[in-house]
Amino acid sequence: MEDLAAYRARWDEPTRARFRDTELLGSPPPDTGGLYVGLALGMLDRLDLAALGPWRDSPRAIALIARALAEADRHMAQYCADPAAFDLPADLLLDPEYCGLLARLLAGSFPKVDLTPPAKEEPGQPPAVGQGDPGKTDSNQLVIVDEAGNWLTMLHTVYGSPFGTGLVVDGVGVNTGNGFGGVAAGPGRRIVTPLTSVLALRDGRPWLGLGTPSYPPPYVTLILLNLLAYGMDLQGAIEAPRFRLDPEAKGPRGGWLPGKLTTETRLPRETLDGLKALGIEVAPLGDFNWHVGSVQAVLRDPATGALTGAADPRRGGHAAGY
């Protein structure tokens, strides 16, 4: 009780980024999600994805998106920490010129030969990886808009930690179950987490609130890309196929690749074959897989003020109004 009484809440300014006509607000460091989304979309906005058509039909577009997500991951690991303990180059990470330079590196370093591996005999179709009970999860994303126009987007999670039981050992520090980093020096000693609850503004007013459990930054980025660059409707942007990065996989020519991609199997066969030709190893995730997030969102119609809620079919989300 003394510890709770001594706690003082911090009111921080959000991380702010722009994608075309939309301003994006994310929780500030030590949460990495806001910076990640801003950097990833900053790179993707400077790549000519429109010329490649819908990304689900374009191996090169998927490769560019995957590489941008991998680059954002790498930057967060190197440069995003608790600002109570570190200086953070947030302005540089979101600088349009810097995002443009990174985009040029990504677009200018593709293989010029077919890297499809030799065919080999397989006994049958490999099982989809990562399948599990979609009702079993330790996290849930809340997006709420009330009658007074207040907006909330929040990930409620214990990140796999037994701390959610309330059982602790006196004198032993408690961190999250997934082992996110931090330092034991300086005020607060906050952990660095990938929380990615985002509010999108248009004309200075909330237009969209969204977030997801799992590892949120890449999946929130994909939904925003679907909405803002490809013009999908909200439910379509959420239900579109997703992929996730496996950074442990190593491809030919060292590190140009983002690693292995595990993809939902609703991607066209031609696209999957095209990824193999780029030297990208692909593994199936099934049609809908709960490990690639469960995005929950509320969207406001700027003209009428009507609210639309959308829930991801990958887990047990639900949209409701009153």
# chains A, B, ... in the order shown; residues from 1 in each chain; ligands from 1
>>> select_by_dssp(residues="stretch 178-298 of chain A", states="strand (DSSP E or B)", output="compact mmCIF listing (two decimals) with C-alpha atoms, in the first residue's frame")
# COMPACT_ATOMS: atom_id res chain seq x y z
CA THR A 193 7.55 -2.91 -24.61
CA VAL A 198 -2.74 4.10 -32.11
CA LEU A 199 -5.12 7.01 -32.60
CA ALA A 200 -5.30 8.43 -36.12
CA LEU A 201 -6.46 12.04 -36.54
CA ARG A 202 -7.90 13.86 -39.53
CA ARG A 205 -10.08 15.09 -34.69
CA PRO A 206 -9.97 11.37 -33.87
CA TRP A 207 -10.78 9.34 -36.97
CA LEU A 208 -9.56 5.86 -36.09
CA GLY A 209 -8.51 3.98 -32.98
CA LEU A 210 -6.90 0.57 -33.25
CA GLY A 211 -4.55 -1.92 -31.68
CA PHE A 243 2.48 -12.50 -42.65
CA ARG A 244 5.06 -12.41 -39.92
CA LEU A 245 8.85 -12.28 -39.95
CA ASP A 246 11.14 -15.03 -38.76
CA LYS A 260 11.67 -16.34 -43.48
CA LEU A 261 8.06 -15.24 -43.91
CA THR A 262 5.26 -17.27 -42.38
CA THR A 263 2.15 -16.29 -44.31
CA VAL A 282 7.81 -19.14 -46.99
CA ALA A 283 5.93 -21.30 -44.46
CA PRO A 284 2.12 -21.61 -44.21
CA GLN A 296 -9.80 -4.27 -32.87
CA ALA A 297 -10.77 -0.86 -34.21
CA VAL A 298 -13.31 1.96 -34.23
>>> residues_around(residues="A:Leu225", least_positions_apart="6", cutoff="9 Å", atoms="only C-alpha atoms", output="list in words")
Leu41, Leu44, Gly231 and Ala237 of chain A
>>> write_last_selection(atoms="N, CA and C atoms", output="PDB file, in the first residue's frame")
ATOM      1  N   LEU A  41       5.957   3.255 -41.741  1.00  0.00           N
ATOM      2  CA  LEU A  41       5.117   3.919 -42.727  1.00  0.00           C
ATOM      3  C   LEU A  41       5.875   5.049 -43.435  1.00  0.00           C
ATOM      4  N   LEU A  44       7.667   3.215 -46.155  1.00  0.00           N
ATOM      5  CA  LEU A  44       6.748   2.675 -47.156  1.00  0.00           C
ATOM      6  C   LEU A  44       6.103   3.781 -47.986  1.00  0.00           C
ATOM      7  N   GLY A 231      -6.614   1.950 -49.754  1.00  0.00           N
ATOM      8  CA  GLY A 231      -8.018   2.340 -49.798  1.00  0.00           C
ATOM      9  C   GLY A 231      -9.003   1.262 -49.414  1.00  0.00           C
ATOM     10  N   ALA A 237      -9.550  -4.326 -44.433  1.00  0.00           N
ATOM     11  CA  ALA A 237      -8.150  -4.115 -44.050  1.00  0.00           C
ATOM     12  C   ALA A 237      -7.732  -5.058 -42.936  1.00  0.00           C
TER      13      ALA A 237
END
>>> atom_distance(atom1="atom CA of A:Leu105", atom2="atom CA of A:Phe19")
20.0 Å
>>> atom_distance(atom1="atom CA of A:Val37", atom2="atom CA of A:Gln141")
17.2 Å
>>> closest_residue(among="A:Val145, A:Gly286, A:Pro83, A:Leu88", to="A:Leu299", atoms="only C-alpha atoms")
A:Val145
